file upload_12.csv (CSV, C-alpha atoms)
chain,number,residue,atom,x,y,z
A,1,MET,CA,64.9,90.8,142.1
A,2,LYS,CA,68.6,90.9,141.1
A,3,LYS,CA,70.5,93.4,139.0
A,4,TYR,CA,73.5,92.6,136.8
A,5,LEU,CA,75.7,94.7,134.6
A,6,VAL,CA,76.0,92.8,131.2
A,7,GLY,CA,77.3,93.0,127.7
A,8,GLY,CA,79.8,95.5,126.4
A,9,ALA,CA,80.2,97.3,129.7
A,10,VAL,CA,81.5,94.3,131.5
A,11,ARG,CA,83.7,93.4,128.5
A,12,ASP,CA,85.2,96.9,128.4
A,13,GLU,CA,85.8,97.0,132.2
A,14,ILE,CA,87.7,93.7,131.9
A,15,MET,CA,89.8,95.1,129.1
A,16,GLY,CA,90.6,98.2,131.2
A,17,PHE,CA,88.4,100.7,129.3
A,18,GLU,CA,85.7,103.0,130.6
A,19,PRO,CA,82.4,101.8,129.3
A,20,LYS,CA,80.5,104.1,127.0
A,21,ASP,CA,77.1,102.6,127.9
A,22,TYR,CA,75.9,100.7,130.9
A,23,ASP,CA,73.3,98.0,130.2
A,24,TYR,CA,71.7,96.0,133.0
A,25,CYS,CA,69.9,92.7,133.1
A,26,ILE,CA,67.1,92.3,135.7
A,27,VAL,CA,66.3,88.8,137.0
A,28,GLY,CA,63.2,88.0,139.0
A,29,SER,CA,61.1,91.0,138.1
A,30,THR,CA,58.1,92.0,135.9
A,31,PRO,CA,57.3,95.1,133.8
A,32,ASP,CA,54.7,96.2,136.4
A,33,GLU,CA,57.3,96.0,139.2
A,34,MET,CA,59.8,98.0,137.2
A,35,LEU,CA,57.3,100.7,136.5
A,36,SER,CA,56.3,100.8,140.2
A,37,LEU,CA,60.0,101.5,141.1
A,38,GLY,CA,60.1,104.5,138.8
A,39,TYR,CA,61.7,103.2,135.7
A,40,LYS,CA,60.6,104.5,132.3
A,41,GLN,CA,59.5,101.9,129.8
A,42,VAL,CA,60.6,102.1,126.1
A,43,GLY,CA,60.0,99.6,123.4
A,44,LYS,CA,56.9,97.7,122.5
A,45,ASP,CA,57.8,94.1,121.5
A,46,PHE,CA,60.1,93.8,124.4
A,47,PRO,CA,60.1,96.3,127.3
A,48,VAL,CA,63.4,98.1,128.1
A,49,PHE,CA,63.5,100.4,131.0
A,50,LEU,CA,65.5,103.6,131.6
A,51,ASP,CA,66.6,105.2,134.9
A,52,SER,CA,67.1,108.9,135.4
A,53,ASP,CA,70.6,108.7,134.0
A,54,GLY,CA,69.5,107.0,130.8
A,55,ASN,CA,71.0,103.6,131.6
A,56,GLU,CA,69.1,100.6,130.1
A,57,TYR,CA,67.6,97.8,132.1
A,58,ALA,CA,66.2,94.8,130.4
A,59,LEU,CA,64.4,91.8,132.0
A,60,ALA,CA,66.2,88.5,131.6
A,61,ARG,CA,64.8,86.9,128.5
A,62,THR,CA,65.0,84.1,126.0
A,63,GLU,CA,64.0,84.4,122.3
A,64,ARG,CA,62.3,82.3,119.7
A,65,LYS,CA,62.8,82.9,116.0
A,66,THR,CA,59.5,83.6,114.2
A,67,GLY,CA,60.6,84.7,110.7
A,68,ASP,CA,63.5,85.4,108.4
A,69,LYS,CA,64.1,89.1,109.2
A,70,HIS,CA,66.6,90.3,111.8
A,71,THR,CA,63.7,91.6,113.9
A,72,ASP,CA,61.5,88.5,113.7
A,73,PHE,CA,61.8,87.2,117.3
A,74,GLU,CA,59.3,86.4,120.0
A,75,PHE,CA,60.6,87.3,123.5
A,76,ILE,CA,59.9,85.3,126.6
A,77,PHE,CA,60.5,87.1,129.8
A,78,ASP,CA,59.2,86.2,133.3
A,79,LYS,CA,60.5,85.7,136.8
A,80,ASN,CA,61.6,82.2,135.9
A,81,VAL,CA,64.1,83.2,133.2
A,82,SER,CA,67.5,83.0,134.8
A,83,LEU,CA,70.7,85.0,134.2
A,84,LEU,CA,72.3,82.0,132.6
A,85,ASP,CA,69.3,81.7,130.2
A,86,ASP,CA,69.8,85.3,129.2
A,87,LEU,CA,73.6,85.0,128.7
A,88,GLU,CA,73.1,81.9,126.6
A,89,ARG,CA,71.3,83.9,123.9
A,90,ARG,CA,74.1,86.4,123.4
A,91,ASP,CA,76.4,86.5,120.4
A,92,PHE,CA,80.0,86.1,121.5
A,93,THR,CA,81.6,84.9,124.7
A,94,CYS,CA,83.2,88.3,125.4
A,95,ASN,CA,79.7,89.8,125.4
A,96,ALA,CA,78.2,87.0,127.6
A,97,ILE,CA,79.7,88.0,130.9
A,98,ALA,CA,77.7,89.5,133.8
A,99,LYS,CA,78.7,91.4,136.9
A,100,ASP,CA,76.6,91.3,140.1
A,101,VAL,CA,75.9,94.9,141.0
A,102,GLU,CA,75.6,94.2,144.7
A,103,THR,CA,78.7,92.0,145.2
A,104,GLY,CA,80.8,92.8,142.2
A,105,GLY,CA,81.1,89.1,141.5
A,106,ILE,CA,81.7,88.1,137.9
A,107,ILE,CA,79.5,85.4,136.2
A,108,ASP,CA,81.3,84.0,133.1
A,109,PRO,CA,79.6,80.7,132.1
A,110,HIS,CA,81.2,80.6,128.6
A,111,ASN,CA,84.8,81.5,129.4
A,112,GLY,CA,84.5,84.9,127.9
A,113,ILE,CA,87.3,86.3,130.1
A,114,GLU,CA,89.8,83.8,128.6
A,115,ASP,CA,88.7,84.8,125.1
A,116,ILE,CA,89.2,88.4,125.9
A,117,LYS,CA,92.7,87.7,127.2
A,118,ASN,CA,93.4,85.9,123.9
A,119,LYS,CA,91.7,88.5,121.8
A,120,VAL,CA,89.3,86.0,120.2
A,121,LEU,CA,85.7,86.3,119.1
A,122,ARG,CA,83.9,83.0,119.7
A,123,VAL,CA,80.2,82.2,119.3
A,124,VAL,CA,78.3,81.4,122.5
A,125,ASN,CA,75.6,79.1,121.0
A,126,LYS,CA,75.6,78.0,117.4
A,127,ASP,CA,71.9,77.2,117.3
A,128,THR,CA,70.8,80.7,118.5
A,129,PHE,CA,73.6,82.5,116.7
A,130,ILE,CA,72.4,81.5,113.2
A,131,GLU,CA,68.9,82.9,113.9
A,132,ASP,CA,70.1,86.4,113.5
A,133,PRO,CA,71.8,87.3,110.2
A,134,LEU,CA,73.0,90.7,111.5
A,135,ARG,CA,75.5,88.8,113.7
A,136,VAL,CA,77.6,88.0,110.6
A,137,LEU,CA,78.3,91.8,110.2
A,138,ARG,CA,78.6,92.2,114.0
A,139,LEU,CA,81.4,89.6,114.0
A,140,CYS,CA,83.3,91.7,111.4
A,141,ARG,CA,82.5,94.9,113.2
A,142,PHE,CA,83.5,93.6,116.7
A,143,SER,CA,86.8,92.3,115.2
A,144,ALA,CA,87.5,95.9,114.0
A,145,GLN,CA,86.3,97.5,117.2
A,146,LEU,CA,88.1,95.3,119.6
A,147,GLY,CA,91.1,94.3,117.5
A,148,PHE,CA,90.2,90.6,118.0
A,149,SER,CA,90.7,87.7,115.7
A,150,ALA,CA,87.6,85.6,114.9
A,151,GLU,CA,87.8,81.9,115.9
A,152,ILE,CA,87.9,79.7,112.8
A,153,MET,CA,84.7,77.8,113.5
A,154,THR,CA,82.8,81.0,114.2
A,155,LEU,CA,84.1,82.3,110.8
A,156,HIS,CA,82.9,79.1,109.1
A,157,LEU,CA,79.5,79.4,110.8
A,158,CYS,CA,79.1,83.0,109.4
A,159,ARG,CA,80.2,81.8,106.0
A,160,GLU,CA,77.5,79.2,106.1
A,161,MET,CA,74.9,81.8,107.0
A,162,VAL,CA,76.0,83.9,104.0
A,163,GLU,CA,75.9,80.9,101.7
A,164,ASP,CA,72.4,80.2,102.9
A,165,GLY,CA,71.3,83.6,101.7
A,166,MET,CA,70.5,85.0,105.2
A,167,LEU,CA,72.0,88.5,104.5
A,168,LYS,CA,69.2,89.3,102.1
A,169,TYR,CA,66.9,89.7,105.0
A,170,LEU,CA,68.8,92.6,106.5
A,171,THR,CA,67.7,96.1,105.9
A,172,LYS,CA,70.0,98.4,104.0
A,173,GLU,CA,70.1,100.8,106.9
A,174,ARG,CA,71.3,98.1,109.3
A,175,VAL,CA,74.0,97.0,106.9
A,176,PHE,CA,75.4,100.5,106.5
A,177,GLY,CA,75.1,101.0,110.2
A,178,GLU,CA,77.5,98.2,110.8
A,179,ILE,CA,79.9,99.5,108.1
A,180,GLU,CA,79.9,103.0,109.6
A,181,LYS,CA,80.5,101.7,113.1
A,182,ALA,CA,83.5,99.8,111.7
A,183,LEU,CA,84.8,102.8,109.9
A,184,HIS,CA,85.1,104.6,113.3
A,185,THR,CA,87.3,101.8,114.7
A,186,ASN,CA,91.1,101.5,114.7
A,187,HIS,CA,91.0,98.2,112.7
A,188,PHE,CA,88.7,98.8,109.7
A,189,GLU,CA,91.1,96.5,107.7
A,190,TYR,CA,89.9,93.6,110.0
A,191,PHE,CA,86.3,94.4,109.1
A,192,ILE,CA,87.0,94.1,105.4
A,193,ASN,CA,89.1,91.0,105.7
A,194,ASN,CA,86.5,89.2,107.8
A,195,MET,CA,83.8,90.3,105.4
A,196,SER,CA,85.9,88.8,102.6
A,197,TYR,CA,86.5,85.5,104.4
A,198,THR,CA,82.9,85.0,105.3
A,199,LYS,CA,81.8,85.9,101.8
A,200,ALA,CA,79.7,88.7,103.2
A,201,LEU,CA,81.7,91.2,101.2
A,202,SER,CA,80.5,89.7,97.9
A,203,GLU,CA,76.9,90.1,99.1
A,204,VAL,CA,77.2,93.6,100.7
A,205,LEU,CA,79.8,95.3,98.6
A,206,PRO,CA,80.4,93.2,95.4
A,207,GLU,CA,82.0,96.2,93.8
A,208,ILE,CA,84.8,95.9,96.3
A,209,ASP,CA,85.0,92.1,96.3
A,210,CYS,CA,85.4,91.9,92.6
A,211,LEU,CA,88.7,93.9,92.9
A,212,LYS,CA,90.3,90.6,93.8
A,213,MET,CA,90.1,89.7,90.1
A,214,ILE,CA,91.6,93.0,88.9
A,215,ASP,CA,95.3,92.7,87.9
A,216,GLU,CA,97.9,95.4,88.8
A,217,ILE,CA,101.3,96.3,87.3
A,218,PRO,CA,103.8,94.3,89.4
A,219,GLU,CA,106.3,97.1,89.3
A,220,HIS,CA,104.0,99.4,91.1
A,221,HIS,CA,101.9,96.9,93.0
A,222,PRO,CA,103.7,93.7,94.0
A,223,GLU,CA,100.5,92.7,95.8
A,224,LEU,CA,99.2,92.0,92.2
A,225,ASN,CA,95.5,92.7,92.6
A,226,THR,CA,93.5,95.8,93.4
A,227,PHE,CA,91.7,94.3,96.4
A,228,ALA,CA,95.1,93.4,98.1
A,229,HIS,CA,96.2,97.0,97.5
A,230,THR,CA,93.0,98.4,99.0
A,231,VAL,CA,93.5,96.3,102.1
A,232,LEU,CA,97.0,97.7,102.5
A,233,VAL,CA,95.7,101.3,102.0
A,234,LEU,CA,93.2,100.6,104.8
A,235,ARG,CA,95.9,99.3,107.0
A,236,TYR,CA,97.9,102.5,106.5
A,237,ALA,CA,94.8,104.5,107.3
A,238,ASP,CA,94.2,102.5,110.5
A,239,GLU,CA,97.8,102.8,111.6
A,240,HIS,CA,97.6,106.6,111.2
A,241,ASN,CA,94.2,106.9,112.9
A,242,TYR,CA,92.6,108.6,110.0
A,243,PRO,CA,88.9,109.6,110.4
A,244,ALA,CA,86.0,107.4,109.3
A,245,ILE,CA,85.3,109.5,106.2
A,246,VAL,CA,88.9,109.1,105.0
A,247,LYS,CA,88.7,105.3,105.5
A,248,PHE,CA,85.6,105.3,103.4
A,249,GLY,CA,87.5,107.2,100.7
A,250,CYS,CA,90.4,104.7,101.0
A,251,LEU,CA,88.0,101.8,100.6
A,252,ILE,CA,86.5,103.1,97.5
A,253,HIS,CA,89.3,105.1,95.8
A,254,ASP,CA,90.2,102.5,93.2
A,255,ILE,CA,86.7,101.1,92.6
A,256,GLY,CA,86.8,102.3,89.0
A,257,LYS,CA,89.5,99.7,88.1
A,258,ALA,CA,86.8,97.1,87.9
A,259,LEU,CA,85.6,98.7,84.7
A,260,THR,CA,89.0,98.8,82.9
A,261,PRO,CA,88.7,97.2,79.4
A,262,GLU,CA,90.7,94.0,79.1
A,263,THR,CA,92.5,95.4,76.1
A,264,VAL,CA,94.5,97.9,78.3
A,265,LEU,CA,95.1,95.7,81.4
A,266,PRO,CA,97.1,95.8,83.6
A,267,HIS,CA,97.0,99.6,83.1
A,268,HIS,CA,94.0,101.4,84.4
A,269,TYR,CA,93.7,104.6,82.4
A,270,GLY,CA,90.7,106.7,83.4
A,271,HIS,CA,89.7,104.6,86.4
A,272,GLU,CA,89.4,107.8,88.5
A,273,THR,CA,86.3,109.0,86.7
A,274,ALA,CA,85.1,105.5,85.8
A,275,GLY,CA,84.4,104.8,89.4
A,276,LEU,CA,82.1,107.8,90.0
A,277,GLU,CA,78.9,106.0,88.8
A,278,ILE,CA,79.7,102.9,90.8
A,279,ILE,CA,80.0,105.1,94.0
A,280,ASP,CA,76.6,106.6,93.3
A,281,LYS,CA,75.1,103.1,93.0
A,282,ILE,CA,76.5,102.0,96.3
A,283,CYS,CA,75.5,105.1,98.1
A,284,ASP,CA,72.0,104.9,96.6
A,285,ARG,CA,71.7,101.3,97.7
A,286,TYR,CA,72.6,102.0,101.3
A,287,PHE,CA,71.1,105.5,101.7
A,288,THR,CA,74.6,106.6,102.5
A,289,PRO,CA,74.9,110.1,104.1
A,290,ASN,CA,75.7,112.8,101.5
A,291,ASP,CA,79.0,113.8,103.1
A,292,TYR,CA,80.3,110.2,102.6
A,293,ARG,CA,79.1,110.2,99.0
A,294,LYS,CA,80.8,113.5,98.1
A,295,PHE,CA,84.0,112.6,99.8
A,296,ALA,CA,84.2,109.1,98.2
A,297,LYS,CA,83.7,110.6,94.7
A,298,LEU,CA,86.4,113.2,95.3
A,299,SER,CA,88.7,110.4,96.6
A,300,CYS,CA,88.1,108.4,93.5
A,301,LYS,CA,88.6,111.3,91.1
A,302,TYR,CA,91.6,113.1,92.7
A,303,HIS,CA,93.6,110.6,94.8
A,304,MET,CA,96.3,110.5,92.0
A,305,ASP,CA,96.0,114.1,90.8
A,306,LEU,CA,96.8,115.4,94.3
A,307,ARG,CA,100.3,113.8,94.0
A,308,ARG,CA,100.9,115.4,90.6
A,309,LEU,CA,100.0,119.0,91.3
A,310,TYR,CA,103.7,119.9,91.0
A,311,GLU,CA,103.5,119.0,87.3
A,312,MET,CA,100.4,121.0,86.6
A,313,LYS,CA,99.8,124.4,85.3
A,314,PRO,CA,98.4,127.0,87.7
A,315,GLY,CA,95.0,126.9,86.0
A,316,HIS,CA,94.6,123.2,86.5
A,317,VAL,CA,95.7,123.5,90.2
A,318,PHE,CA,93.1,126.2,90.7
A,319,ASP,CA,90.3,124.1,89.2
A,320,ILE,CA,91.1,121.0,91.2
A,321,LEU,CA,91.4,122.9,94.5
A,322,ASP,CA,88.3,125.0,93.7
A,323,GLU,CA,86.2,121.9,93.4
A,324,ILE,CA,87.7,120.1,96.4
A,325,THR,CA,87.4,123.1,98.8
A,326,ASN,CA,84.0,124.3,97.5
A,327,GLY,CA,85.3,127.6,96.2
A,328,PHE,CA,88.3,127.8,98.6
A,329,ARG,CA,86.0,127.9,101.6
A,330,TYR,CA,86.9,124.6,103.4
A,331,ILE,CA,90.4,123.2,103.8
A,332,THR,CA,89.3,120.1,105.8
A,333,THR,CA,88.3,118.2,102.7
A,334,LEU,CA,91.6,119.0,101.1
A,335,LYS,CA,93.5,117.7,104.2
A,336,ASN,CA,91.4,114.5,104.3
A,337,LEU,CA,92.0,113.9,100.6
A,338,PHE,CA,95.7,114.2,101.0
A,339,GLN,CA,95.4,111.5,103.7
A,340,VAL,CA,93.7,109.2,101.1
A,341,SER,CA,96.4,110.0,98.6
A,342,GLU,CA,99.1,109.3,101.1
A,343,ALA,CA,97.6,106.0,102.1
A,344,ASP,CA,97.3,105.1,98.4
A,345,LEU,CA,101.0,106.0,98.0
A,346,TYR,CA,102.3,103.9,100.9
A,347,GLY,CA,99.6,101.2,101.0
A,348,ARG,CA,101.4,98.7,98.9
A,349,ALA,CA,103.8,95.8,99.3
A,350,LYS,CA,106.9,97.8,98.5
A,351,THR,CA,108.3,101.2,99.6
A,352,PRO,CA,107.3,103.9,97.0
A,353,ARG,CA,110.1,105.4,94.9
A,354,LYS,CA,111.8,108.5,96.3
A,355,GLU,CA,110.7,110.6,93.4
A,356,ARG,CA,107.0,109.7,94.0
A,357,VAL,CA,107.4,110.6,97.7
A,358,ASP,CA,109.1,113.9,96.8
A,359,GLY,CA,106.4,114.7,94.3
A,360,PHE,CA,103.7,114.0,96.9
A,361,ASN,CA,105.3,116.3,99.4
A,362,LYS,CA,105.9,119.0,96.9
A,363,SER,CA,102.3,118.8,95.7
A,364,LYS,CA,101.0,119.0,99.2
A,365,GLU,CA,103.1,122.2,99.8
A,366,ILE,CA,101.8,123.7,96.5
A,367,ALA,CA,98.2,122.9,97.5
A,368,TYR,CA,98.2,124.5,100.9
A,369,ASN,CA,100.1,127.6,99.6
A,370,ALA,CA,97.6,127.9,96.8
A,371,PHE,CA,94.6,127.5,99.1
A,372,ASP,CA,96.1,130.2,101.4
A,373,ILE,CA,96.3,132.6,98.5
A,374,PHE,CA,93.1,131.9,96.7
A,375,SER,CA,91.0,131.7,99.9
A,376,LYS,CA,91.8,135.4,100.6
A,377,LEU,CA,90.8,136.6,97.2
A,378,SER,CA,87.3,137.9,96.2
A,379,ALA,CA,85.8,139.7,93.3
A,380,GLU,CA,86.2,143.0,95.2
A,381,ASP,CA,90.0,142.6,94.8
A,382,PHE,CA,89.6,143.1,91.1
A,383,PRO,CA,87.4,146.3,90.7
A,384,GLU,CA,88.3,146.6,87.0
A,385,LEU,CA,85.9,143.6,86.4
A,386,PHE,CA,83.0,145.7,87.5
A,387,GLU,CA,83.7,148.3,84.9
A,388,LYS,CA,83.2,145.8,82.1
A,389,ASN,CA,79.5,145.7,82.7
A,390,ILE,CA,79.3,141.9,82.5
A,391,SER,CA,77.7,139.3,84.7
A,392,GLY,CA,77.1,135.6,85.2
A,393,LYS,CA,79.3,133.0,83.6
A,394,GLU,CA,81.4,135.6,81.7
A,395,PHE,CA,82.1,137.5,84.9
A,396,ASN,CA,83.1,134.3,86.7
A,397,LYS,CA,85.3,133.2,83.8
A,398,LEU,CA,87.2,136.5,83.9
A,399,LEU,CA,87.4,136.4,87.7
A,400,ARG,CA,89.0,133.0,87.5
A,401,VAL,CA,91.7,134.3,85.0
A,402,LYS,CA,92.4,137.3,87.3
A,403,LYS,CA,92.8,135.1,90.4
A,404,ILE,CA,95.1,132.7,88.6
A,405,GLN,CA,97.2,135.6,87.3
A,406,TYR,CA,97.4,137.0,90.8
A,407,TYR,CA,98.6,133.6,92.1
A,408,VAL,CA,101.3,133.3,89.3
A,409,ASP,CA,102.5,136.9,90.1
A,410,LYS,CA,102.7,136.0,93.8
A,411,LEU,CA,104.8,133.0,93.1
A,412,ASN,CA,107.1,134.8,90.7
A,413,ASN,CA,107.6,137.6,93.3
A,414,ALA,CA,108.4,135.1,95.9
A,415,GLU,CA,111.2,133.7,93.8

call {"tool": "encode", "arguments": {"input": "upload_12.csv", "output": "C-alpha cells"}}
result
Amino acid sequence: MKKYLVGGAVRDEIMGFEPKDYDYCIVGSTPDEMLSLGYKQVGKDFPVFLDSDGNEYALARTERKTGDKHTDFEFIFDKNVSLLDDLERRDFTCNAIAKDVETGGIIDPHNGIEDIKNKVLRVVNKDTFIEDPLRVLRLCRFSAQLGFSAEIMTLHLCREMVEDGMLKYLTKERVFGEIEKALHTNHFEYFINNMSYTKALSEVLPEIDCLKMIDEIPEHHPELNTFAHTVLVLRYADEHNYPAIVKFGCLIHDIGKALTPETVLPHHYGHETAGLEIIDKICDRYFTPNDYRKFAKLSCKYHMDLRRLYEMKPGHVFDILDEITNGFRYITTLKNLFQVSEADLYGRAKTPRKERVDGFNKSKEIAYNAFDIFSKLSAEDFPELFEKNISGKEFNKLLRVKKIQYYVDKLNNAE
C-alpha cells in the first residue's frame, strides 16, 4: 500500500502556494483494508475515504464512460491499478502530478511541472478528456484561477466538444458552480475569453455572447462592440480585486443593449431597464442565488445613474439610494455598485474624459454624504407627522418629503 499526494495540492505546492485541500491517492489497497485502518468511507459509486482531519483518500482508479452525462462513469479500482493509470485519467498536466508521501519524491509523467512554469493548461489524454463535458468549463475556470493560458490544441478540443453538443448534458447547478468559482478568481476575464473562444459562452450565456454583435458609439467606445467593452470592464474589476458579486454585476451590466431597436443604434436608450427581464431569465435558468440576482439587476439599472447623481434633484437621489440600500440600512451594496460603475467608466479602450471622471467622483461624494444623513433619520424625528392621524402609504409619502427637506436644509446650512 502506497500513499501519494495528488492533484491541486501538488500543483499549488509547486507554485509556492499553501494548498487549501489535500487529496491523496492510495495504490495497492482495497476498501476493506481502508476501513480496517480507521478511515471513514463516503460516496457510493466510488469509495472515497476521510481521515480524522477531513483529508480525502481515493483508491487509484481508471474510468469507463457509460453514458452522456457528466456523472455517467464506471470506476475500476483494485490493487492492480497503478499510480500512472490514475494520473492518466486526469484533466490537465498541471493536475496530473503526484508526490510520494514517504520520500517526498515527485512523479510527473506528463511534464506538468514544465507547463506550470510556462503557465499553460494542456490536456493529459485526449481520448479520456472528451468523455467529460464539464472539463470544458473547468478549462476556462482553471485559466481564471491559475492565471494560465490554454494550449491551442486543448482549446480546439474543447471547441469540438461544444460543437458536438456535449454541454447540454451538464446540470445547470454544475454550470453555475463553475461560473461562481471563476467569479472568485483574480482573472475572471480569462474565464469569459476562453468561454468565448471555445464557443461555450454561446451555449451557456448566449445573452452575453450576442453582445459581440451590438455596436457602440466609437466616440465613447473605441472597442466598437458591447462584448469587447464588457471584457475590459471585467479586466478592470480583476485588476482592482473586486469581489465576486461585483464581477457578476460587471458581466451583466450592459446586457439590455441586446434589445436596442435597430432604429436607434448605436445609441442604447433605456438599456438599463431593458436588461432586467433578461437577468431574471438567466438567474432562473441557473438557480442563481438571490443575492447575485438582486445585485445584477441593480447593476444593470443604476450603473450609469450613479455617475450622474450630481446632476439630479434631491428627491431623485433619495429614491435611488433608498432602493439600493434597502431603506438606508446597508451601505455595502452602494459601495459595490460604485465599483461596477467605476469599472464601466474606465473599462474601455480610451481614457474617459475628465468631466466624466469628475462627475463620478462628485456623485460618489454626494451618495455617501446623503446615506450618512438619511440613515440617521427615522419617523420619530418628525413628530408632527403623528399629529396628522394618517397611516400607510400617505404617511410614508409625507415622511419621504420631510426627510428630503431635512437633507436639503442640511446641505444649505453647510454652504

call {"tool": "residues_around", "arguments": {"input": "upload_12.csv", "residues": "Gly7 of chain A", "least_positions_apart": "5", "cutoff": "7 Å", "atoms": "all atoms listed in the file", "output": "CSV table (one decimal) with C-alpha atoms, in the frame of the given file"}}
result
chain,number,residue,atom,x,y,z
A,23,ASP,CA,73.3,98.0,130.2
A,95,ASN,CA,79.7,89.8,125.4
A,96,ALA,CA,78.2,87.0,127.6
A,97,ILE,CA,79.7,88.0,130.9

call {"tool": "residues_around", "arguments": {"input": "upload_12.csv", "residues": "Phe318 of chain A", "least_positions_apart": "4", "cutoff": "9 Å", "atoms": "all atoms listed in the file", "output": "list in words"}}
result
Lys313, Pro314, Asp322, Glu323, Ala370, Phe371, Phe374, Arg400, Lys403 and Ile404 of chain A

call {"tool": "residues_around", "arguments": {"input": "upload_12.csv", "residues": "segment 244-255 of chain A", "least_positions_apart": "3", "cutoff": "9 Å", "atoms": "only C-alpha atoms", "output": "PyMOL selection string"}}
result
chain A and resi 180-185+188+207-208+211+226-227+230-231+233-234+237-238+241+258-259+271-272+274-276+278-279+291-292+295-303+336-337+339-341+343-344

call {"tool": "closest_residue", "arguments": {"input": "upload_12.csv", "among": "A:Gly38, A:Gly147, A:Gly165, A:Gly327", "to": "Lys117 of chain A", "atoms": "only C-alpha atoms"}}
result
A:Gly147

call {"tool": "atom_distance", "arguments": {"input": "upload_12.csv", "atom1": "atom CA of Ile14 of chain A", "atom2": "atom CA of Val48 of chain A"}}
result
25.0 Å

call {"tool": "closest_residue", "arguments": {"input": "upload_12.csv", "among": "A:Glu277, A:Glu151, A:Glu88, A:Glu178", "to": "Arg138 of chain A", "atoms": "all atoms listed in the file"}}
result
A:Glu178

call {"tool": "atom_distance", "arguments": {"input": "upload_12.csv", "atom1": "atom CA of Ala98 of chain A", "atom2": "atom CA of Asp53 of chain A"}}
result
20.5 Å

call {"tool": "closest_residue", "arguments": {"input": "upload_12.csv", "among": "A:Lys388, A:Arg285, A:Lys294, A:Lys362", "to": "Glu173 of chain A", "atoms": "only C-alpha atoms"}}
result
A:Arg285

call {"tool": "residues_around", "arguments": {"input": "upload_12.csv", "residues": "Ser82 of chain A", "least_positions_apart": "4", "cutoff": "8 Å", "atoms": "only C-alpha atoms", "output": "list in words"}}
result
Val27, Gly28, Ala60, Arg61 and Asp86 of chain A

call {"tool": "write_last_selection", "arguments": {"input": "upload_12.csv", "atoms": "C-alpha atoms", "output": "mmCIF file, keeping the file's coordinate frame"}}
result
data_model
loop_
_atom_site.group_PDB
_atom_site.id
_atom_site.type_symbol
_atom_site.label_atom_id
_atom_site.label_comp_id
_atom_site.auth_asym_id
_atom_site.auth_seq_id
_atom_site.Cartn_x
_atom_site.Cartn_y
_atom_site.Cartn_z
ATOM 1 C CA VAL A 27 66.300 88.800 137.000
ATOM 2 C CA GLY A 28 63.200 88.000 139.000
ATOM 3 C CA ALA A 60 66.200 88.500 131.600
ATOM 4 C CA ARG A 61 64.800 86.900 128.500
ATOM 5 C CA ASP A 86 69.800 85.300 129.200
#

call {"tool": "atom_distance", "arguments": {"input": "upload_12.csv", "atom1": "atom CA of Gln405 of chain A", "atom2": "atom CA of Leu377 of chain A"}}
result
11.8 Å

call {"tool": "residues_around", "arguments": {"input": "upload_12.csv", "residues": "Lys172 of chain A", "least_positions_apart": "6", "cutoff": "12 Å", "atoms": "only C-alpha atoms", "output": "PyMOL selection string"}}
result
chain A and resi 70+134+178-179+203-205+282-288

call {"tool": "closest_residue", "arguments": {"input": "upload_12.csv", "among": "A:His110, A:Arg348, A:Arg235, A:His221", "to": "Ala144 of chain A", "atoms": "only C-alpha atoms"}}
result
A:Arg235

call {"tool": "residues_near_point", "arguments": {"input": "upload_12.csv", "point": "(94.5, 98.6, 87.3)", "cutoff": "9 Å", "atoms": "all atoms listed in the file", "output": "list in words"}}
result
Ile214, Asp215, Glu216, Ile217, Asn225, Thr226, Asp254, Gly256, Lys257, Ala258, Thr260, Leu265, Pro266, His267, His268, Tyr269 and His271 of chain A

call {"tool": "decode", "arguments": {"input": "upload_12.csv", "residues": "segment 221-250 of chain A", "atoms": "C-alpha atoms", "output": "PDB file, in the first residue's frame"}}
result
ATOM      1  CA  HIS A 221     -16.332  53.011 -27.037  1.00  0.00           C
ATOM      2  CA  PRO A 222     -13.435  52.646 -29.495  1.00  0.00           C
ATOM      3  CA  GLU A 223     -13.684  48.893 -28.843  1.00  0.00           C
ATOM      4  CA  LEU A 224     -16.830  49.182 -31.056  1.00  0.00           C
ATOM      5  CA  ASN A 225     -18.996  46.385 -29.609  1.00  0.00           C
ATOM      6  CA  THR A 226     -20.580  45.754 -26.231  1.00  0.00           C
ATOM      7  CA  PHE A 227     -18.886  42.401 -25.619  1.00  0.00           C
ATOM      8  CA  ALA A 228     -15.419  43.931 -26.053  1.00  0.00           C
ATOM      9  CA  HIS A 229     -16.402  46.674 -23.615  1.00  0.00           C
ATOM     10  CA  THR A 230     -17.685  44.097 -21.118  1.00  0.00           C
ATOM     11  CA  VAL A 231     -14.367  42.230 -21.236  1.00  0.00           C
ATOM     12  CA  LEU A 232     -12.490  45.460 -20.486  1.00  0.00           C
ATOM     13  CA  VAL A 233     -14.848  46.168 -17.586  1.00  0.00           C
ATOM     14  CA  LEU A 234     -14.087  42.712 -16.207  1.00  0.00           C
ATOM     15  CA  ARG A 235     -10.359  43.311 -16.661  1.00  0.00           C
ATOM     16  CA  TYR A 236     -10.632  46.478 -14.571  1.00  0.00           C
ATOM     17  CA  ALA A 237     -12.570  44.576 -11.897  1.00  0.00           C
ATOM     18  CA  ASP A 238      -9.910  41.846 -11.861  1.00  0.00           C
ATOM     19  CA  GLU A 239      -7.067  44.351 -11.606  1.00  0.00           C
ATOM     20  CA  HIS A 240      -8.743  46.007  -8.620  1.00  0.00           C
ATOM     21  CA  ASN A 241      -9.619  42.735  -6.857  1.00  0.00           C
ATOM     22  CA  TYR A 242     -13.327  43.442  -6.757  1.00  0.00           C
ATOM     23  CA  PRO A 243     -15.483  40.800  -5.023  1.00  0.00           C
ATOM     24  CA  ALA A 244     -17.274  38.053  -6.939  1.00  0.00           C
ATOM     25  CA  ILE A 245     -20.702  39.659  -6.758  1.00  0.00           C
ATOM     26  CA  VAL A 246     -19.299  42.889  -8.251  1.00  0.00           C
ATOM     27  CA  LYS A 247     -17.772  40.943 -11.156  1.00  0.00           C
ATOM     28  CA  PHE A 248     -21.158  39.334 -11.764  1.00  0.00           C
ATOM     29  CA  GLY A 249     -22.665  42.815 -11.901  1.00  0.00           C
ATOM     30  CA  CYS A 250     -19.917  43.908 -14.314  1.00  0.00           C
TER      31      CYS A 250
END
